[in-house]
Structure formats: structure tokens, C-alpha cells
file coords-v3.pdb (PDB, C-alpha atoms)
ATOM      1  CA  MET A   9     117.518  38.382  18.741
ATOM      2  CA  VAL A  10     118.585  37.328  22.217
ATOM      3  CA  SER A  11     115.687  36.999  24.642
ATOM      4  CA  THR A  12     115.808  38.819  27.970
ATOM      5  CA  GLU A  13     115.733  35.436  29.657
ATOM      6  CA  VAL A  14     118.915  34.262  27.929
ATOM      7  CA  ARG A  15     120.558  37.585  28.722
ATOM      8  CA  ALA A  16     119.559  37.234  32.406
ATOM      9  CA  ARG A  17     121.071  33.711  32.490
ATOM     10  CA  GLY A  18     124.265  35.155  31.021
ATOM     11  CA  ALA A  19     124.444  37.722  33.812
ATOM     12  CA  VAL A  20     124.030  34.986  36.441
ATOM     13  CA  VAL A  21     126.874  32.973  34.915
ATOM     14  CA  ARG A  22     129.046  36.094  34.700
ATOM     15  CA  ASP A  23     128.468  37.028  38.358
ATOM     16  CA  SER A  24     129.094  33.447  39.455
ATOM     17  CA  LEU A  25     132.304  33.192  37.453
ATOM     18  CA  SER A  26     133.724  36.486  38.741
ATOM     19  CA  VAL A  27     133.195  35.481  42.370
ATOM     20  CA  GLY A  28     134.319  31.932  41.634
ATOM     21  CA  VAL A  29     137.579  32.934  39.988
ATOM     22  CA  ALA A  30     138.478  35.580  42.612
ATOM     23  CA  VAL A  31     137.949  33.158  45.491
ATOM     24  CA  GLY A  32     139.141  30.016  43.716
ATOM     25  CA  VAL A  33     142.626  31.307  42.915
ATOM     26  CA  SER A  34     143.155  32.086  46.616
ATOM     27  CA  GLY A  35     143.876  28.375  46.989
ATOM     28  CA  VAL A  36     147.446  29.308  46.097
ATOM     29  CA  ALA A  37     147.753  31.053  49.487
ATOM     30  CA  PHE A  38     146.298  28.005  51.230
ATOM     31  CA  GLY A  39     148.672  25.587  49.477
ATOM     32  CA  GLY A  40     151.644  27.776  50.371
ATOM     33  CA  THR A  41     150.553  28.214  53.990
ATOM     34  CA  ALA A  42     149.892  24.490  54.428
ATOM     35  CA  VAL A  43     153.384  23.530  53.286
ATOM     36  CA  ALA A  44     154.896  26.353  55.376
ATOM     37  CA  ALA A  45     153.124  24.857  58.412
ATOM     38  CA  GLY A  46     154.767  21.492  57.789
ATOM     39  CA  LEU A  47     152.117  19.581  55.817
ATOM     40  CA  THR A  48     153.096  17.628  52.705
ATOM     41  CA  VAL A  49     151.869  18.608  49.225
ATOM     42  CA  ALA A  50     149.554  15.547  49.262
ATOM     43  CA  GLN A  51     148.088  16.555  52.639
ATOM     44  CA  ALA A  52     147.455  20.129  51.453
ATOM     45  CA  CYS A  53     145.665  18.803  48.346
ATOM     46  CA  ALA A  54     143.654  16.252  50.350
ATOM     47  CA  LEU A  55     142.373  19.064  52.597
ATOM     48  CA  SER A  56     141.222  21.169  49.637
ATOM     49  CA  LEU A  57     139.565  18.184  47.920
ATOM     50  CA  LEU A  58     137.887  16.608  50.943
ATOM     51  CA  ALA A  59     137.347  19.339  53.544
ATOM     52  CA  PHE A  60     136.833  22.143  50.978
ATOM     53  CA  THR A  61     135.916  24.979  53.317
ATOM     54  CA  GLY A  62     138.528  27.726  53.454
ATOM     55  CA  ALA A  63     138.262  28.926  57.050
ATOM     56  CA  SER A  64     138.353  25.372  58.463
ATOM     57  CA  GLN A  65     141.336  24.488  56.276
ATOM     58  CA  PHE A  66     143.322  27.549  57.392
ATOM     59  CA  ALA A  67     142.339  26.875  61.033
ATOM     60  CA  PHE A  68     143.578  23.285  60.792
ATOM     61  CA  VAL A  69     146.861  24.436  59.273
ATOM     62  CA  ALA A  70     147.205  27.047  62.032
ATOM     63  CA  ALA A  71     146.919  24.273  64.628
ATOM     64  CA  ILE A  72     149.580  22.241  62.807
ATOM     65  CA  ALA A  73     151.867  25.302  62.668
ATOM     66  CA  ALA A  74     151.377  25.930  66.389
ATOM     67  CA  GLY A  75     152.672  22.432  67.042
ATOM     68  CA  GLY A  76     149.685  21.128  68.962
ATOM     69  CA  ASN A  77     148.001  17.751  68.554
ATOM     70  CA  PRO A  78     146.513  17.655  65.021
ATOM     71  CA  LEU A  79     143.329  16.050  66.346
ATOM     72  CA  LEU A  80     142.888  18.989  68.744
ATOM     73  CA  GLY A  81     143.172  21.267  65.719
ATOM     74  CA  THR A  82     140.290  19.492  64.035
ATOM     75  CA  ILE A  83     137.873  20.511  66.830
ATOM     76  CA  GLY A  84     138.119  24.240  66.098
ATOM     77  CA  ALA A  85     138.218  23.584  62.358
ATOM     78  CA  ILE A  86     135.054  21.459  62.454
ATOM     79  CA  MET A  87     133.298  24.050  64.651
ATOM     80  CA  LEU A  88     134.089  26.662  61.997
ATOM     81  CA  GLY A  89     132.364  24.473  59.403
ATOM     82  CA  ALA A  90     129.086  24.417  61.354
ATOM     83  CA  ARG A  91     127.819  27.506  59.557
ATOM     84  CA  ASN A  92     127.708  25.515  56.306
ATOM     85  CA  SER A  93     124.800  23.509  57.732
ATOM     86  CA  LEU A  94     122.823  26.744  58.156
ATOM     87  CA  TYR A  95     123.641  27.623  54.546
ATOM     88  CA  GLY A  96     122.350  24.189  53.534
ATOM     89  CA  LEU A  97     119.103  24.884  55.388
ATOM     90  CA  ARG A  98     118.576  28.103  53.431
ATOM     91  CA  LEU A  99     119.548  26.500  50.119
ATOM     92  CA  ALA A 100     117.580  23.232  50.321
ATOM     93  CA  PRO A 101     114.102  24.690  49.593
ATOM     94  CA  LEU A 102     115.496  27.174  47.036
ATOM     95  CA  LEU A 103     117.370  24.578  44.949
ATOM     96  CA  ALA A 104     114.989  21.617  45.524
ATOM     97  CA  LEU A 105     117.649  19.036  44.672
ATOM     98  CA  ARG A 106     117.010  15.339  44.104
ATOM     99  CA  PRO A 107     118.570  13.128  46.846
ATOM    100  CA  ALA A 108     121.218  11.707  44.471
ATOM    101  CA  VAL A 109     122.293  15.215  43.390
ATOM    102  CA  LYS A 110     122.295  16.388  47.008
ATOM    103  CA  VAL A 111     125.140  14.026  47.929
ATOM    104  CA  ALA A 112     127.471  15.709  45.433
ATOM    105  CA  ALA A 113     126.044  19.227  45.752
ATOM    106  CA  ALA A 114     126.631  19.225  49.524
ATOM    107  CA  GLN A 115     130.399  19.525  49.027
ATOM    108  CA  LEU A 116     129.832  22.831  47.195
ATOM    109  CA  VAL A 117     127.895  24.453  50.071
ATOM    110  CA  ILE A 118     130.301  27.182  51.250
ATOM    111  CA  ASP A 119     130.190  30.936  52.034
ATOM    112  CA  GLU A 120     130.557  32.183  48.472
ATOM    113  CA  SER A 121     128.336  29.717  46.596
ATOM    114  CA  THR A 122     125.593  30.451  49.145
ATOM    115  CA  ALA A 123     125.989  34.232  48.860
ATOM    116  CA  VAL A 124     125.751  34.222  45.048
ATOM    117  CA  THR A 125     122.832  31.761  45.056
ATOM    118  CA  LEU A 126     120.783  33.750  47.593
ATOM    119  CA  ALA A 127     121.197  36.877  45.448
ATOM    120  CA  GLN A 128     119.197  35.294  42.555
ATOM    121  CA  PRO A 129     115.462  35.893  41.970
ATOM    122  CA  ASP A 130     114.204  32.448  40.816
ATOM    123  CA  ARG A 131     114.940  28.710  41.073
ATOM    124  CA  GLU A 132     116.488  28.348  37.617
ATOM    125  CA  SER A 133     119.029  31.163  38.137
ATOM    126  CA  ARG A 134     119.696  29.960  41.690
ATOM    127  CA  ARG A 135     120.596  26.521  40.355
ATOM    128  CA  ILE A 136     122.845  28.058  37.696
ATOM    129  CA  ALA A 137     124.493  30.357  40.267
ATOM    130  CA  PHE A 138     125.044  27.568  42.805
ATOM    131  CA  THR A 139     126.524  25.146  40.261
ATOM    132  CA  THR A 140     128.671  27.705  38.426
ATOM    133  CA  THR A 141     130.078  29.366  41.555
ATOM    134  CA  GLY A 142     130.558  26.075  43.414
ATOM    135  CA  VAL A 143     132.216  24.162  40.568
ATOM    136  CA  THR A 144     134.441  27.113  39.578
ATOM    137  CA  ILE A 145     135.714  27.550  43.136
ATOM    138  CA  PHE A 146     136.144  23.793  43.637
ATOM    139  CA  VAL A 147     138.211  23.322  40.467
ATOM    140  CA  LEU A 148     140.342  26.470  40.873
ATOM    141  CA  TRP A 149     140.784  26.117  44.648
ATOM    142  CA  ASN A 150     142.144  22.583  44.194
ATOM    143  CA  ALA A 151     144.351  23.439  41.207
ATOM    144  CA  THR A 152     145.850  26.497  42.908
ATOM    145  CA  THR A 153     146.306  24.623  46.210
ATOM    146  CA  LEU A 154     148.570  22.220  44.326
ATOM    147  CA  ALA A 155     150.378  25.132  42.642
ATOM    148  CA  GLY A 156     150.853  26.968  45.946
ATOM    149  CA  ALA A 157     152.038  23.849  47.747
ATOM    150  CA  LEU A 158     154.564  23.023  45.011
ATOM    151  CA  GLY A 159     155.651  26.669  44.841
ATOM    152  CA  ALA A 160     156.227  26.906  48.596
ATOM    153  CA  THR A 161     158.164  23.631  48.517
ATOM    154  CA  ALA A 162     160.426  25.069  45.803
ATOM    155  CA  LEU A 163     160.915  28.354  47.706
ATOM    156  CA  GLY A 164     162.462  26.687  50.749
ATOM    157  CA  ASP A 165     161.652  28.679  53.892
ATOM    158  CA  PRO A 166     158.200  30.166  53.133
ATOM    159  CA  SER A 167     158.031  32.313  56.303
ATOM    160  CA  ARG A 168     160.809  34.430  54.744
ATOM    161  CA  PHE A 169     158.236  35.389  52.103
ATOM    162  CA  GLY A 170     155.601  36.298  54.659
ATOM    163  CA  LEU A 171     153.388  33.306  53.805
ATOM    164  CA  ASP A 172     152.697  32.711  57.509
ATOM    165  CA  VAL A 173     150.468  35.822  57.431
ATOM    166  CA  ALA A 174     148.162  34.503  54.688
ATOM    167  CA  GLY A 175     146.221  32.548  57.340
ATOM    168  CA  PRO A 176     145.471  35.427  59.745
ATOM    169  CA  ALA A 177     144.763  37.761  56.800
ATOM    170  CA  ALA A 178     142.227  35.222  55.485
ATOM    171  CA  PHE A 179     140.615  34.967  58.934
ATOM    172  CA  LEU A 180     140.364  38.757  59.152
ATOM    173  CA  ALA A 181     138.832  38.953  55.660
ATOM    174  CA  LEU A 182     136.206  36.355  56.636
ATOM    175  CA  LEU A 183     135.582  38.008  60.014
ATOM    176  CA  VAL A 184     135.029  41.639  58.994
ATOM    177  CA  PRO A 185     131.779  41.125  56.976
ATOM    178  CA  GLN A 186     130.269  39.286  59.973
ATOM    179  CA  LEU A 187     130.784  42.267  62.290
ATOM    180  CA  ARG A 188     128.254  44.477  60.493
ATOM    181  CA  GLY A 189     124.703  44.820  61.731
ATOM    182  CA  SER A 190     124.687  44.625  65.509
ATOM    183  CA  ARG A 191     127.188  45.252  68.314
ATOM    184  CA  THR A 192     127.152  41.676  69.630
ATOM    185  CA  PRO A 193     129.486  40.155  66.972
ATOM    186  CA  ALA A 194     132.064  42.927  67.552
ATOM    187  CA  ALA A 195     131.897  42.357  71.317
ATOM    188  CA  VAL A 196     132.350  38.615  70.775
ATOM    189  CA  ALA A 197     135.339  39.233  68.480
ATOM    190  CA  ILE A 198     137.148  41.548  70.909
ATOM    191  CA  LEU A 199     136.461  39.336  73.921
ATOM    192  CA  SER A 200     137.476  36.215  72.030
ATOM    193  CA  ALA A 201     140.771  37.727  70.835
ATOM    194  CA  ALA A 202     141.517  38.861  74.412
ATOM    195  CA  ILE A 203     140.810  35.377  75.837
ATOM    196  CA  ALA A 204     142.938  33.694  73.162
ATOM    197  CA  LEU A 205     145.926  36.018  73.693
ATOM    198  CA  GLY A 206     145.531  36.039  77.481
ATOM    199  CA  THR A 207     145.547  32.238  77.731
ATOM    200  CA  THR A 208     148.317  31.660  75.152
ATOM    201  CA  PRO A 209     151.127  31.660  77.794
ATOM    202  CA  LEU A 210     149.051  29.401  80.088
ATOM    203  CA  LEU A 211     147.506  26.691  77.904
ATOM    204  CA  PRO A 212     148.922  24.125  75.428
ATOM    205  CA  ALA A 213     148.989  25.091  71.731
ATOM    206  CA  GLY A 214     145.549  24.971  70.110
ATOM    207  CA  VAL A 215     143.594  25.143  73.375
ATOM    208  CA  PRO A 216     143.397  28.994  73.590
ATOM    209  CA  ILE A 217     141.391  28.990  70.316
ATOM    210  CA  LEU A 218     138.817  26.672  71.859
ATOM    211  CA  ALA A 219     138.806  28.566  75.175
ATOM    212  CA  ALA A 220     137.993  31.747  73.242
ATOM    213  CA  VAL A 221     134.604  30.305  72.206
ATOM    214  CA  ALA A 222     133.548  31.126  75.802
ATOM    215  CA  ALA A 223     133.236  34.690  74.468
ATOM    216  CA  VAL A 224     129.903  33.673  72.851
ATOM    217  CA  PRO A 225     127.944  32.779  76.034
ATOM    218  CA  LEU A 226     129.674  35.635  77.910
ATOM    219  CA  ALA A 227     128.632  38.238  75.313
ATOM    220  CA  LEU A 228     125.094  36.844  75.121
ATOM    221  CA  LEU A 229     124.845  36.959  78.928
ATOM    222  CA  ALA A 230     126.044  40.572  78.984
ATOM    223  CA  ARG A 231     123.529  41.457  76.276
ATOM    224  CA  ARG A 232     120.673  39.908  78.259
ATOM    225  CA  ARG A 233     121.709  41.842  81.407
ATOM    226  CA  SER A 234     121.813  45.168  79.601
ATOM    227  CA  ALA A 235     118.549  44.540  77.752
TER     228      ALA A 235
ATOM    229  CA  MET B  16     149.954   9.281  60.522
ATOM    230  CA  THR B  17     148.100  11.306  63.165
ATOM    231  CA  THR B  18     148.019  14.147  60.644
ATOM    232  CA  TRP B  19     146.315  11.981  58.010
ATOM    233  CA  LEU B  20     143.829  10.767  60.618
ATOM    234  CA  ALA B  21     143.120  14.368  61.619
ATOM    235  CA  ILE B  22     142.605  15.288  57.938
ATOM    236  CA  ALA B  23     140.121  12.400  57.566
ATOM    237  CA  VAL B  24     138.236  13.523  60.695
ATOM    238  CA  LEU B  25     138.104  17.118  59.479
ATOM    239  CA  ALA B  26     136.942  16.029  56.005
ATOM    240  CA  ALA B  27     134.159  13.893  57.500
ATOM    241  CA  GLY B  28     133.107  16.698  59.864
ATOM    242  CA  ALA B  29     133.128  19.396  57.168
ATOM    243  CA  TYR B  30     131.104  17.262  54.737
ATOM    244  CA  GLY B  31     128.800  16.122  57.543
ATOM    245  CA  TRP B  32     127.746  19.715  58.351
ATOM    246  CA  LYS B  33     127.065  20.465  54.685
ATOM    247  CA  VAL B  34     124.971  17.374  53.990
ATOM    248  CA  LEU B  35     123.144  17.758  57.329
ATOM    249  CA  GLY B  36     121.934  21.249  56.435
ATOM    250  CA  LEU B  37     120.723  20.170  53.012
ATOM    251  CA  SER B  38     118.984  17.058  54.335
ATOM    252  CA  ILE B  39     117.193  17.677  57.624
ATOM    253  CA  PRO B  40     113.828  19.417  58.044
ATOM    254  CA  SER B  41     114.430  23.109  58.693
ATOM    255  CA  ARG B  42     112.385  23.264  61.923
ATOM    256  CA  ILE B  43     115.067  21.222  63.759
ATOM    257  CA  LEU B  44     117.972  23.629  63.232
ATOM    258  CA  ASP B  45     116.073  26.783  62.410
ATOM    259  CA  ARG B  46     115.571  28.155  65.923
ATOM    260  CA  PRO B  47     116.675  31.604  67.165
ATOM    261  CA  ALA B  48     119.072  30.174  69.796
ATOM    262  CA  VAL B  49     120.734  27.788  67.318
ATOM    263  CA  ARG B  50     120.870  30.518  64.682
ATOM    264  CA  THR B  51     122.538  33.047  67.042
ATOM    265  CA  THR B  52     125.081  30.517  68.300
ATOM    266  CA  THR B  53     125.983  29.234  64.842
ATOM    267  CA  ALA B  54     126.487  32.831  63.705
ATOM    268  CA  LEU B  55     128.619  33.854  66.692
ATOM    269  CA  VAL B  56     130.859  30.784  67.162
ATOM    270  CA  PRO B  57     132.652  31.399  63.820
ATOM    271  CA  VAL B  58     133.113  35.063  64.837
ATOM    272  CA  ALA B  59     134.800  33.972  68.090
ATOM    273  CA  LEU B  60     136.987  31.382  66.359
ATOM    274  CA  LEU B  61     138.032  33.710  63.532
ATOM    275  CA  ALA B  62     138.925  36.532  65.968
ATOM    276  CA  ALA B  63     140.902  34.147  68.199
ATOM    277  CA  LEU B  64     142.733  32.683  65.202
ATOM    278  CA  THR B  65     143.523  36.123  63.776
ATOM    279  CA  ALA B  66     144.893  37.341  67.121
ATOM    280  CA  THR B  67     147.004  34.290  67.993
ATOM    281  CA  GLN B  68     148.356  33.785  64.477
ATOM    282  CA  THR B  69     149.500  37.401  64.445
ATOM    283  CA  MET B  70     150.805  37.809  68.001
ATOM    284  CA  ALA B  71     151.720  34.353  69.351
ATOM    285  CA  THR B  72     154.918  32.380  68.807
ATOM    286  CA  GLY B  73     154.463  29.060  70.579
ATOM    287  CA  THR B  74     153.280  30.068  74.052
ATOM    288  CA  HIS B  75     154.882  33.538  73.901
ATOM    289  CA  LEU B  76     153.265  36.783  72.783
ATOM    290  CA  THR B  77     155.353  38.817  70.348
ATOM    291  CA  VAL B  78     155.035  41.901  68.169
ATOM    292  CA  ASP B  79     156.808  41.353  64.863
ATOM    293  CA  ALA B  80     156.505  41.719  61.075
ATOM    294  CA  ARG B  81     153.246  39.742  61.094
ATOM    295  CA  LEU B  82     151.441  42.651  62.782
ATOM    296  CA  ALA B  83     152.535  44.956  59.951
ATOM    297  CA  GLY B  84     151.205  42.407  57.452
ATOM    298  CA  LEU B  85     147.852  42.164  59.231
ATOM    299  CA  THR B  86     147.589  45.960  59.337
ATOM    300  CA  ALA B  87     148.102  45.990  55.553
ATOM    301  CA  ALA B  88     145.321  43.392  55.225
ATOM    302  CA  ALA B  89     143.029  45.581  57.352
ATOM    303  CA  VAL B  90     143.732  48.601  55.122
ATOM    304  CA  ALA B  91     143.024  46.491  52.009
ATOM    305  CA  LEU B  92     139.723  45.368  53.580
ATOM    306  CA  ILE B  93     138.737  48.963  54.363
ATOM    307  CA  LEU B  94     139.425  49.775  50.691
ATOM    308  CA  ARG B  95     137.139  46.820  49.779
ATOM    309  CA  ALA B  96     139.886  44.946  47.930
ATOM    310  CA  PRO B  97     139.151  41.398  46.659
ATOM    311  CA  PHE B  98     140.076  38.428  48.877
ATOM    312  CA  LEU B  99     143.306  37.512  47.074
ATOM    313  CA  VAL B 100     144.507  41.149  47.085
ATOM    314  CA  VAL B 101     143.984  41.264  50.873
ATOM    315  CA  LEU B 102     146.131  38.145  51.278
ATOM    316  CA  LEU B 103     148.829  39.425  48.907
ATOM    317  CA  ALA B 104     148.996  42.798  50.709
ATOM    318  CA  ALA B 105     149.558  40.997  54.017
ATOM    319  CA  VAL B 106     152.155  38.581  52.644
ATOM    320  CA  ALA B 107     154.087  41.246  50.687
ATOM    321  CA  THR B 108     154.142  43.694  53.632
ATOM    322  CA  THR B 109     155.379  41.020  56.051
ATOM    323  CA  ALA B 110     158.076  39.917  53.615
ATOM    324  CA  ALA B 111     159.157  43.542  53.044
ATOM    325  CA  VAL B 112     159.379  44.285  56.788
ATOM    326  CA  ARG B 113     161.444  41.112  57.321
ATOM    327  CA  LEU B 114     163.742  42.081  54.462
ATOM    328  CA  ILE B 115     164.352  45.594  55.838
ATOM    329  CA  PHE B 116     164.797  44.772  59.542
TER     330      PHE B 116
END
call {"tool": "encode", "arguments": {"input": "coords-v3.pdb", "output": "C-alpha cells"}}
result
Amino acid sequence: MVSTEVRARGAVVRDSLSVGVAVGVSGVAFGGTAVAAGLTVAQACALSLLAFTGASQFAFVAAIAAGGNPLLGTIGAIMLGARNSLYGLRLAPLLALRPAVKVAAAQLVIDESTAVTLAQPDRESRRIAFTTTGVTIFVLWNATTLAGALGATALGDPSRFGLDVAGPAAFLALLVPQLRGSRTPAAVAILSAAIALGTTPLLPAGVPILAAVAAVPLALLARRRSA
Amino acid sequence: MTTWLAIAVLAAGAYGWKVLGLSIPSRILDRPAVRTTTALVPVALLAALTATQTMATGTHLTVDARLAGLTAAAVALILRAPFLVVLLAAVATTAAVRLIF
């Protein structure tokens, strides 16, 4: 007879795998977009292996596609990765990792591994969820990045296939869940989009994205006034 | 070469954030002001990226097949479709619009 504990562990692994597979295979869109933006297959794969945080990777590729200085593109991309440090803060006491394990585990701290881990009731299932989700996404994301990059290279002009929209669609998909709850995030989003579009004809490529971050203090200021 | 350098910088920055969060005492980062800002900066960046990647071509603003693709992605999101389905809906719609017009 299977104990309830074993069955519970099975459910954790199942949940982790389903999220991991769904997100991991999306690397194909990243690989395709990266090559469409002008990166080499090796560069696309290096980003997925080393940066391994979807939004930052797509943001970097967007900066490359826009034709700005690549180093300028890294500023916005690194800013996008800042939320992973908050995830790490939440996860550290829950997982209680040894320092040696922490060095490797850190690379797996992303939106999805955090979400699945936080949904678990105890330390053992949290560790299983974190490892299973993180490793599944890491392996699949990297494999499908390579596949997407090679595929886009073989296709020739990827924009003909609409691959240039994978980036903005990914941004929208990551943005929408963050708008729930209060009105401030929605105000920030609208203001930020307006600043970015409004300054596009005026500023060099890549700069409007950074200028749009001014929407955060502006929205917070407006909220304080109305409060 | 600049591109490889930029990739190295991004990789170091992305990993740095992750290891920082796991390693430092929570009282340093876990303040309301830091928490609000770290939650809202990604919102601003994602909205700006979505808007410019859909409407900008270089330094010009344009309305083209990309907007149709993004609308398809929005519909897929409203229907609570999985991430990859959202991306495929956007890509397929954009490609279809380009094929027709």
C-alpha cells in the first residue's frame, strides 16, 4: 500500500513537472527570437545557460534588435532580474540550503520555480518542488533554445514567420499577472508604455525603455498625493 | 565582441541578483520601500518593452501586423492559455496578417 506521504510527494513532482515542461519548451521562442534579432546560435545558447531568466533574456534581445548599444541593453535586462533577489529572500528560510548547494541552486531561482515552491506546505515538498521545477525548466529551456535558434537559422528571414512578436507577447504574458491586486501596477504600466512610446522618436534606441522606469516614482508620488 | 561582453555582463548581473537574495540577511532587503520598488520596476520595464516592441520601428512609431499578433496574445491570456500557447497565437497571427496583406 502506498502511504499518503509518498502520494503527496508524487503530486508535488507532478505539479512541478507540468509547470516545468510548459515553461521550459518556450525556450524555442527565445532561440528563434534571438537569432531573428541578429544574435548567433552560440550567443542565444550562452544567454539561456548563463543568464537563465526569461524576461531579461527577451529584453536583451529586444535591445539588440532595436540596434542600440548592447551594453545599454544589459541595463534594462539586469534591472528586470532584480526581482529574483526578492524570490531568493523568500526561498532561503524555506529551503534552508547548505552554502555549497546555494551556489548552484541560485541559478534556478526564477518566477516559476519560486511560484511552485511557495505553494508547498512543508520543507521536504518545497525542496522537491524547487529542484524538480528548476531543473526541468533549465534543461528544457536550454535544449529548446538551441532548437529554436537552429530552426530560425534554417528558416531564413524569421520576421516573415512573425517571430518578432514572440518577445512582446512574452512580456505581456509576464506583465498581466502582476497587474492584479491594486491599481498602482496598472497605473505604472500605462504611464510607462506612454513614456516609452512618446520618447521613441526623440531618444536613441534602448533609452526609452530606461526612461519609462520614471513611471514608478511618478505613480508612487501620485498615490501619496491622493492618499 | 561587444555583444559577447554584454552577454557576460548580463549573465553576471542575473546570477548576482539570484545569489544575493539567497545569501543576505532578510532584514537588509526586506523593507516596504525596497519591496514596492522591486515589484513595480519590472512592471514598468515589461510595459515599456511590450509597447515599443509592438509599435516602434527604429525611432518611428508604426501600426502593423505586430499589433494584431499582440491582440491575439491578449485574447489568449484572457482565456488563461499556457505561456507557449500565448506566444504561438501571437506569432501565428502576425505571420497570417503578413501573408494576407
call {"tool": "resolve_selection", "arguments": {"input": "coords-v3.pdb", "expression": "the PyMOL selection byres ((chain A) within 7 of (chain B))", "output": "ChimeraX atom specification"}}
result
/A:30-31,34,55,58-59,74,78-79,82,86,88-97,100,111,114-115,117,168-171,173-174,176-181,183,193,196-197,200-201,204-205,208-209,213,217,220-221,223-224
call {"tool": "atom_distance", "arguments": {"input": "coords-v3.pdb", "atom1": "atom CA of A:Gly142", "atom2": "atom CA of A:Ser24"}}
result
8.5 Å
call {"tool": "residues_around", "arguments": {"input": "coords-v3.pdb", "residues": "A:Ala85", "least_positions_apart": "4", "cutoff": "6 Å", "atoms": "all atoms listed in the file", "output": "CSV table (one decimal) with C-alpha atoms, in the frame of the given file"}}
result
chain,number,residue,atom,x,y,z
A,64,SER,CA,138.4,25.4,58.5
A,67,ALA,CA,142.3,26.9,61.0
A,68,PHE,CA,143.6,23.3,60.8
call {"tool": "residues_around", "arguments": {"input": "coords-v3.pdb", "residues": "stretch 152-158 of chain A", "least_positions_apart": "5", "cutoff": "10 Å", "atoms": "all atoms listed in the file", "output": "JSON list (two decimals) with C-alpha atoms, keeping the file's coordinate frame"}}
result
[["chain", "number", "residue", "atom", "x", "y", "z"],
["A", 32, "GLY", "CA", 139.14, 30.02, 43.72],
["A", 33, "VAL", "CA", 142.63, 31.31, 42.92],
["A", 34, "SER", "CA", 143.16, 32.09, 46.62],
["A", 35, "GLY", "CA", 143.88, 28.38, 46.99],
["A", 36, "VAL", "CA", 147.45, 29.31, 46.10],
["A", 37, "ALA", "CA", 147.75, 31.05, 49.49],
["A", 38, "PHE", "CA", 146.30, 28.00, 51.23],
["A", 39, "GLY", "CA", 148.67, 25.59, 49.48],
["A", 40, "GLY", "CA", 151.64, 27.78, 50.37],
["A", 41, "THR", "CA", 150.55, 28.21, 53.99],
["A", 42, "ALA", "CA", 149.89, 24.49, 54.43],
["A", 43, "VAL", "CA", 153.38, 23.53, 53.29],
["A", 44, "ALA", "CA", 154.90, 26.35, 55.38],
["A", 47, "LEU", "CA", 152.12, 19.58, 55.82],
["A", 48, "THR", "CA", 153.10, 17.63, 52.70],
["A", 49, "VAL", "CA", 151.87, 18.61, 49.22],
["A", 50, "ALA", "CA", 149.55, 15.55, 49.26],
["A", 51, "GLN", "CA", 148.09, 16.56, 52.64],
["A", 52, "ALA", "CA", 147.46, 20.13, 51.45],
["A", 53, "CYS", "CA", 145.66, 18.80, 48.35],
["A", 54, "ALA", "CA", 143.65, 16.25, 50.35],
["A", 55, "LEU", "CA", 142.37, 19.06, 52.60],
["A", 56, "SER", "CA", 141.22, 21.17, 49.64],
["A", 57, "LEU", "CA", 139.56, 18.18, 47.92],
["A", 147, "VAL", "CA", 138.21, 23.32, 40.47],
["A", 163, "LEU", "CA", 160.92, 28.35, 47.71]]
call {"tool": "atom_distance", "arguments": {"input": "coords-v3.pdb", "atom1": "atom CA of A:Leu218", "atom2": "atom CA of A:Gly81"}}
result
9.3 Å
call {"tool": "closest_residue", "arguments": {"input": "coords-v3.pdb", "among": "A:Gly76, A:Gln65, A:Phe60, A:Met87", "to": "A:Ile118", "atoms": "only C-alpha atoms"}}
result
A:Phe60
call {"tool": "atom_distance", "arguments": {"input": "coords-v3.pdb", "atom1": "atom CA of A:Glu132", "atom2": "atom CA of A:Thr12"}}
result
14.3 Å
call {"tool": "closest_residue", "arguments": {"input": "coords-v3.pdb", "among": "A:Ala151, A:Ala19, A:Val184, A:Ala162", "to": "A:Ala137", "atoms": "all atoms listed in the file"}}
result
A:Ala19
call {"tool": "residues_around", "arguments": {"input": "coords-v3.pdb", "residues": "stretch 121-128 of chain A", "least_positions_apart": "3", "cutoff": "10 Å", "atoms": "all atoms listed in the file", "output": "ChimeraX atom specification"}}
result
/A:20,23-24,27-28,92,95-96,98-99,102-103,116-118,131-145
call {"tool": "residues_near_point", "arguments": {"input": "coords-v3.pdb", "point": "(130.0, 44.9, 72.9)", "cutoff": "12 Å", "atoms": "only C-alpha atoms", "output": "ChimeraX atom specification"}}
result
/A:187,190-200,223-224,226-232,234
call {"tool": "axis_aligned_box", "arguments": {"input": "coords-v3.pdb", "around": "stretch 73-88 of chain B", "padding_each_side": "3 Å", "output": "JSON"}}
result
{"center_x": 151.1, "center_y": 37.5, "center_z": 64.6, "size_x": 17.5, "size_y": 22.9, "size_z": 24.8}
